[in-house]
>>> print(open('model-v1.cif').read())   # mmCIF, C-alpha atoms
data_model
loop_
_atom_site.group_PDB
_atom_site.id
_atom_site.type_symbol
_atom_site.label_atom_id
_atom_site.label_comp_id
_atom_site.auth_asym_id
_atom_site.auth_seq_id
_atom_site.Cartn_x
_atom_site.Cartn_y
_atom_site.Cartn_z
ATOM 1 C CA MET A 28 99.902 72.950 113.325
ATOM 2 C CA ASN A 29 103.542 72.222 114.030
ATOM 3 C CA THR A 30 106.925 73.901 113.540
ATOM 4 C CA VAL A 31 109.478 71.848 111.646
ATOM 5 C CA LYS A 32 112.594 74.035 111.525
ATOM 6 C CA VAL A 33 113.286 77.138 113.628
ATOM 7 C CA VAL A 34 116.419 79.312 113.362
ATOM 8 C CA VAL A 35 117.297 82.921 114.151
ATOM 9 C CA LYS A 36 119.870 85.259 112.613
ATOM 10 C CA ASN A 37 121.100 88.700 113.656
ATOM 11 C CA VAL A 38 121.307 90.839 110.526
ATOM 12 C CA PRO A 39 121.080 94.527 109.563
ATOM 13 C CA ASP A 40 117.533 95.703 108.850
ATOM 14 C CA TYR A 41 118.165 98.332 106.190
ATOM 15 C CA GLY A 42 114.443 98.986 105.807
ATOM 16 C CA ALA A 43 114.153 100.487 109.293
ATOM 17 C CA SER A 44 117.670 101.448 110.396
ATOM 18 C CA ARG A 45 121.239 100.270 110.149
ATOM 19 C CA GLU A 46 121.078 98.464 113.477
ATOM 20 C CA ARG A 47 121.226 94.693 113.619
ATOM 21 C CA ASN A 48 117.945 93.016 114.502
ATOM 22 C CA ASP A 49 116.793 89.444 114.945
ATOM 23 C CA LEU A 50 115.308 87.733 111.912
ATOM 24 C CA GLY A 51 113.505 84.461 112.555
ATOM 25 C CA PHE A 52 113.062 81.682 110.033
ATOM 26 C CA LEU A 53 110.702 78.775 110.438
ATOM 27 C CA THR A 54 108.948 76.104 108.460
ATOM 28 C CA PHE A 55 105.615 74.710 109.562
ATOM 29 C CA ASP A 56 103.061 71.986 108.961
ATOM 30 C CA LEU A 57 99.396 72.921 108.796
ATOM 31 C CA LYS A 58 96.492 70.515 108.525
ATOM 32 C CA THR A 59 92.874 71.687 108.788
ATOM 33 C CA ASP A 60 89.499 71.307 107.118
ATOM 34 C CA LEU A 61 87.701 74.623 106.613
ATOM 35 C CA SER A 62 85.013 73.384 104.218
ATOM 36 C CA HIS A 63 82.332 73.659 106.922
ATOM 37 C CA LEU A 64 82.781 77.462 106.897
ATOM 38 C CA PHE A 65 81.392 77.810 103.370
ATOM 39 C CA ASN A 66 77.713 78.369 102.634
ATOM 40 C CA TRP A 67 75.686 80.367 100.101
ATOM 41 C CA ASN A 68 76.771 83.699 101.626
ATOM 42 C CA VAL A 69 80.520 83.020 101.883
ATOM 43 C CA LYS A 70 82.453 84.375 98.914
ATOM 44 C CA GLN A 71 85.948 83.552 100.206
ATOM 45 C CA LEU A 72 88.124 82.990 103.266
ATOM 46 C CA PHE A 73 91.213 85.034 104.047
ATOM 47 C CA LEU A 74 93.510 82.906 106.233
ATOM 48 C CA TYR A 75 96.525 84.263 108.068
ATOM 49 C CA LEU A 76 99.099 82.807 110.437
ATOM 50 C CA THR A 77 100.427 85.114 113.157
ATOM 51 C CA ALA A 78 103.225 84.793 115.689
ATOM 52 C CA GLU A 79 102.769 86.460 119.084
ATOM 53 C CA TYR A 80 105.425 86.968 121.742
ATOM 54 C CA ILE A 81 106.483 89.313 124.541
ATOM 55 C CA THR A 82 109.803 91.165 124.815
ATOM 56 C CA PRO A 83 111.156 93.589 127.429
ATOM 57 C CA ASN A 84 110.576 96.468 124.975
ATOM 58 C CA ASN A 85 107.066 95.462 123.859
ATOM 59 C CA GLU A 86 104.332 93.815 125.871
ATOM 60 C CA LEU A 87 102.783 92.350 122.721
ATOM 61 C CA ASN A 88 104.459 91.620 119.391
ATOM 62 C CA GLN A 89 102.346 90.284 116.526
ATOM 63 C CA VAL A 90 103.825 89.307 113.173
ATOM 64 C CA VAL A 91 101.877 87.958 110.189
ATOM 65 C CA LEU A 92 103.977 85.157 108.710
ATOM 66 C CA TRP A 93 101.734 83.616 106.060
ATOM 67 C CA ASP A 94 98.361 84.118 104.386
ATOM 68 C CA LYS A 95 96.121 82.463 101.822
ATOM 69 C CA ILE A 96 92.812 83.181 100.098
ATOM 70 C CA ILE A 97 90.400 80.291 99.532
ATOM 71 C CA LEU A 98 87.531 80.992 97.151
ATOM 72 C CA ARG A 99 84.165 79.249 97.384
ATOM 73 C CA GLY A 100 84.380 76.042 95.362
ATOM 74 C CA GLU A 101 88.116 75.610 95.934
ATOM 75 C CA ASN A 102 89.541 72.846 98.088
ATOM 76 C CA ALA A 103 89.291 73.967 101.733
ATOM 77 C CA LEU A 104 91.027 70.862 103.077
ATOM 78 C CA LEU A 105 94.577 72.057 103.809
ATOM 79 C CA ASP A 106 97.472 69.686 104.381
ATOM 80 C CA PHE A 107 100.741 71.604 104.078
ATOM 81 C CA LYS A 108 104.076 70.051 105.020
ATOM 82 C CA ASN A 109 107.322 71.921 105.680
ATOM 83 C CA MET A 110 105.916 75.258 104.448
ATOM 84 C CA ASN A 111 108.085 78.361 104.423
ATOM 85 C CA THR A 112 106.697 81.596 105.787
ATOM 86 C CA LYS A 113 105.515 84.072 103.182
ATOM 87 C CA TYR A 114 106.660 87.179 105.070
ATOM 88 C CA TYR A 115 109.805 88.030 107.056
ATOM 89 C CA PHE A 116 109.802 87.452 110.819
ATOM 90 C CA TRP A 117 111.650 90.607 111.967
ATOM 91 C CA ASP A 118 111.938 91.663 115.586
ATOM 92 C CA ASP A 119 112.615 95.338 116.306
ATOM 93 C CA GLY A 120 115.640 94.433 118.393
ATOM 94 C CA ASN A 121 117.159 91.235 119.721
ATOM 95 C CA GLY A 122 114.040 89.636 121.168
ATOM 96 C CA LEU A 123 113.936 86.359 119.224
ATOM 97 C CA LYS A 124 117.192 84.608 120.139
ATOM 98 C CA GLY A 125 116.482 82.216 122.989
ATOM 99 C CA HIS A 126 112.838 83.295 123.238
ATOM 100 C CA HIS A 127 111.018 80.394 124.866
ATOM 101 C CA ASN A 128 107.362 81.205 124.159
ATOM 102 C CA VAL A 129 106.342 82.233 120.646
ATOM 103 C CA THR A 130 102.747 81.299 119.823
ATOM 104 C CA LEU A 131 101.472 80.622 116.305
ATOM 105 C CA THR A 132 97.773 81.233 115.692
ATOM 106 C CA LEU A 133 95.710 80.583 112.572
ATOM 107 C CA SER A 134 92.914 83.115 112.034
ATOM 108 C CA TRP A 135 90.579 83.951 109.190
ATOM 109 C CA ASN A 136 88.159 86.523 107.868
ATOM 110 C CA ILE A 137 84.981 85.234 106.267
ATOM 111 C CA ILE A 138 84.323 87.443 103.240
ATOM 112 C CA PRO A 139 80.546 87.336 102.681
ATOM 113 C CA ASN A 140 78.519 88.243 99.627
ATOM 114 C CA ALA A 141 76.490 90.475 101.959
ATOM 115 C CA GLY A 142 76.579 91.270 105.661
ATOM 116 C CA LEU A 143 79.145 91.424 108.451
ATOM 117 C CA LEU A 144 82.839 90.638 108.055
ATOM 118 C CA PRO A 145 83.718 88.414 111.032
ATOM 119 C CA ASN A 146 87.299 87.859 112.204
ATOM 120 C CA ILE A 147 87.685 84.373 113.686
ATOM 121 C CA GLN A 148 90.598 82.787 115.517
ATOM 122 C CA ALA A 149 91.060 79.025 115.244
ATOM 123 C CA LEU A 150 90.743 76.965 118.410
ATOM 124 C CA GLY A 151 94.230 75.448 118.270
ATOM 125 C CA GLN A 152 97.533 77.244 118.773
ATOM 126 C CA HIS A 153 101.129 76.081 118.663
ATOM 127 C CA SER A 154 103.974 77.397 120.835
ATOM 128 C CA PHE A 155 107.669 77.005 120.074
ATOM 129 C CA LYS A 156 111.011 78.428 121.149
ATOM 130 C CA PHE A 157 113.881 79.947 119.225
ATOM 131 C CA PRO A 158 117.406 78.540 119.623
ATOM 132 C CA THR A 159 119.791 80.222 122.057
ATOM 133 C CA ASP A 160 122.432 80.716 119.352
ATOM 134 C CA TYR A 161 122.341 82.643 116.088
ATOM 135 C CA THR A 162 122.791 80.579 112.957
ATOM 136 C CA GLN A 163 125.614 81.577 110.646
ATOM 137 C CA THR A 164 124.541 79.392 107.742
ATOM 138 C CA ARG A 165 122.497 80.498 104.771
ATOM 139 C CA VAL A 166 118.804 79.824 105.324
#
>>> encode(input="model-v1.cif", output="structure tokens")
Amino acid sequence: MNTVKVVVKNVPDYGASRERNDLGFLTFDLKTDLSHLFNWNVKQLFLYLTAEYITPNNELNQVVLWDKIILRGENALLDFKNMNTKYYFWDDGNGLKGHHNVTLTLSWNIIPNAGLLPNIQALGQHSFKFPTDYTQTRV
């Protein structure tokens, strides 16, 4: 996993309030082989990419940026280049600009035909930092 492009803007979040909040944008590369997770009892995998970081207002921030469902029989060898996030990366304040330690983590749920529903975190993580200046350009 790798980040390709990382920018941050300060824009009004009309969904929550009229205050201006940080909105992060990033593109990422993701390469992994999940075919070994499938067996007779695995119906599908639900993958999701989260970003975790700490701000003065919140000890732990977690944002889901991307997800994907892989059904049994589909190609579980992923090789994505320069992917956009699927969901917005909002902060509830101004905690992204200049943040030096945001960690991306790939996790998945194994959806079985029968039995327990385990939640598994991948072994690798990727950390990146946001720029110290807001971008004014269209992203």
>>> closest_residue(input="model-v1.cif", among="A:Gly100, A:Gly120, A:Gly151, A:Pro158", to="Leu64 in chain A", atoms="only C-alpha atoms")
A:Gly100
>>> resolve_selection(input="model-v1.cif", expression="the PyMOL selection byres ((chain A and resi 101-112) around 7)", output="list in words")
Val31, Leu53, Thr54, Phe55, Asp56, Leu57, Lys58, Thr59, Asp60, Leu61, Ser62, Leu92, Trp93, Ile97, Leu98, Arg99, Gly100, Lys113 and Tyr114 of chain A
>>> residues_near_point(input="model-v1.cif", point="(88.9, 87.1, 105.9)", cutoff="9 Å", atoms="only C-alpha atoms", output="count of residues only")
16
>>> atom_distance(input="model-v1.cif", atom1="CA of Asp160 in chain A", atom2="CA of Asn37 in chain A")
9.9 Å
>>> atom_distance(input="model-v1.cif", atom1="CA of Asp49 in chain A", atom2="CA of Val34 in chain A")
10.3 Å
>>> residues_near_point(input="model-v1.cif", point="(118.2, 80.5, 121.6)", cutoff="8 Å", atoms="only C-alpha atoms", output="list in words")
Val35, Leu123, Lys124, Gly125, His126, His127, Lys156, Phe157, Pro158, Thr159, Asp160 and Tyr161 of chain A
>>> resolve_selection(input="model-v1.cif", expression="the PyMOL selection byres ((chain A and resi 155) around 6)", output="PyMOL selection string")
chain A and resi 128-129+154+156
>>> atom_distance(input="model-v1.cif", atom1="CA of Phe116 in chain A", atom2="CA of Pro83 in chain A")
17.8 Å
>>> resolve_selection(input="model-v1.cif", expression="the PyMOL selection byres ((chain A and resi 80) around 9)", output="NGL selection string")
:A and (78-79 or 81-82 or 85-89 or 123 or 126 or 128-130)
>>> closest_residue(input="model-v1.cif", among="A:Val38, A:Leu50, A:Val90, A:Leu76", to="Gln152 in chain A", atoms="all atoms listed in the file")
A:Leu76
>>> residues_around(input="model-v1.cif", residues="Ala43 in chain A", least_positions_apart="6", cutoff="12 Å", atoms="all atoms listed in the file", output="ChimeraX atom specification")
/A:117-120
>>> closest_residue(input="model-v1.cif", among="A:Val166, A:Leu131, A:Asn68, A:Glu46", to="Leu143 in chain A", atoms="only C-alpha atoms")
A:Asn68
>>> decode(input="model-v1.cif", residues="range 134-161 of chain A", atoms="N, CA and C atoms", output="short mmCIF file (atom, residue, chain, number, x, y, z; two decimals), in the first residue's frame")
data_model
loop_
_atom_site.label_atom_id
_atom_site.label_comp_id
_atom_site.auth_asym_id
_atom_site.auth_seq_id
_atom_site.Cartn_x
_atom_site.Cartn_y
_atom_site.Cartn_z
N SER A 134 -8.45 -3.70 6.17
CA SER A 134 -9.08 -4.73 7.00
C SER A 134 -10.15 -5.42 6.18
N TRP A 135 -10.62 -6.57 6.68
CA TRP A 135 -11.69 -7.25 5.98
C TRP A 135 -12.52 -8.09 6.94
N ASN A 136 -13.77 -8.28 6.53
CA ASN A 136 -14.67 -9.24 7.17
C ASN A 136 -14.78 -10.43 6.24
N ILE A 137 -14.65 -11.62 6.79
CA ILE A 137 -14.91 -12.84 6.02
C ILE A 137 -16.38 -13.18 6.24
N ILE A 138 -17.16 -13.16 5.17
CA ILE A 138 -18.58 -13.48 5.25
C ILE A 138 -18.73 -14.97 4.95
N PRO A 139 -19.02 -15.78 5.98
CA PRO A 139 -19.10 -17.23 5.76
C PRO A 139 -20.50 -17.66 5.30
N ASN A 140 -20.57 -18.87 4.80
CA ASN A 140 -21.88 -19.48 4.54
C ASN A 140 -22.54 -19.83 5.87
N ALA A 141 -21.73 -20.24 6.84
CA ALA A 141 -22.24 -20.57 8.18
C ALA A 141 -21.12 -20.33 9.18
N GLY A 142 -21.48 -19.87 10.38
CA GLY A 142 -20.48 -19.71 11.42
C GLY A 142 -20.19 -18.27 11.77
N LEU A 143 -19.05 -18.07 12.43
CA LEU A 143 -18.65 -16.76 12.94
C LEU A 143 -18.28 -15.79 11.82
N LEU A 144 -18.39 -14.50 12.13
CA LEU A 144 -18.05 -13.43 11.20
C LEU A 144 -16.80 -12.73 11.71
N PRO A 145 -15.61 -13.20 11.33
CA PRO A 145 -14.39 -12.59 11.86
C PRO A 145 -14.06 -11.26 11.19
N ASN A 146 -13.48 -10.36 11.96
CA ASN A 146 -12.98 -9.08 11.47
C ASN A 146 -11.46 -9.13 11.56
N ILE A 147 -10.78 -9.01 10.42
CA ILE A 147 -9.33 -9.22 10.38
C ILE A 147 -8.65 -7.97 9.84
N GLN A 148 -7.56 -7.60 10.48
CA GLN A 148 -6.76 -6.46 10.03
C GLN A 148 -5.52 -7.01 9.33
N ALA A 149 -5.19 -6.45 8.18
CA ALA A 149 -4.02 -6.88 7.43
C ALA A 149 -2.75 -6.59 8.23
N LEU A 150 -1.69 -7.29 7.92
CA LEU A 150 -0.44 -7.12 8.66
C LEU A 150 0.26 -5.80 8.34
N GLY A 151 0.17 -5.34 7.11
CA GLY A 151 0.87 -4.12 6.72
C GLY A 151 0.02 -2.87 6.89
N GLN A 152 0.67 -1.77 7.23
CA GLN A 152 0.03 -0.47 7.32
C GLN A 152 0.91 0.53 6.58
N HIS A 153 0.33 1.68 6.26
CA HIS A 153 1.09 2.72 5.59
C HIS A 153 0.79 4.05 6.27
N SER A 154 1.82 4.78 6.65
CA SER A 154 1.65 6.10 7.27
C SER A 154 2.08 7.18 6.29
N PHE A 155 1.38 8.31 6.35
CA PHE A 155 1.71 9.45 5.49
C PHE A 155 1.41 10.73 6.24
N LYS A 156 1.80 11.85 5.66
CA LYS A 156 1.53 13.15 6.28
C LYS A 156 0.83 14.06 5.28
N PHE A 157 0.00 14.94 5.82
CA PHE A 157 -0.68 15.93 4.99
C PHE A 157 0.22 17.15 4.83
N PRO A 158 0.09 17.87 3.71
CA PRO A 158 0.89 19.08 3.52
C PRO A 158 0.56 20.15 4.56
N THR A 159 1.49 21.07 4.75
CA THR A 159 1.31 22.14 5.74
C THR A 159 0.50 23.31 5.20
N ASP A 160 0.17 23.28 3.92
CA ASP A 160 -0.62 24.35 3.31
C ASP A 160 -1.88 23.77 2.67
N TYR A 161 -2.97 24.54 2.73
CA TYR A 161 -4.19 24.15 2.04
C TYR A 161 -4.00 24.34 0.54
#
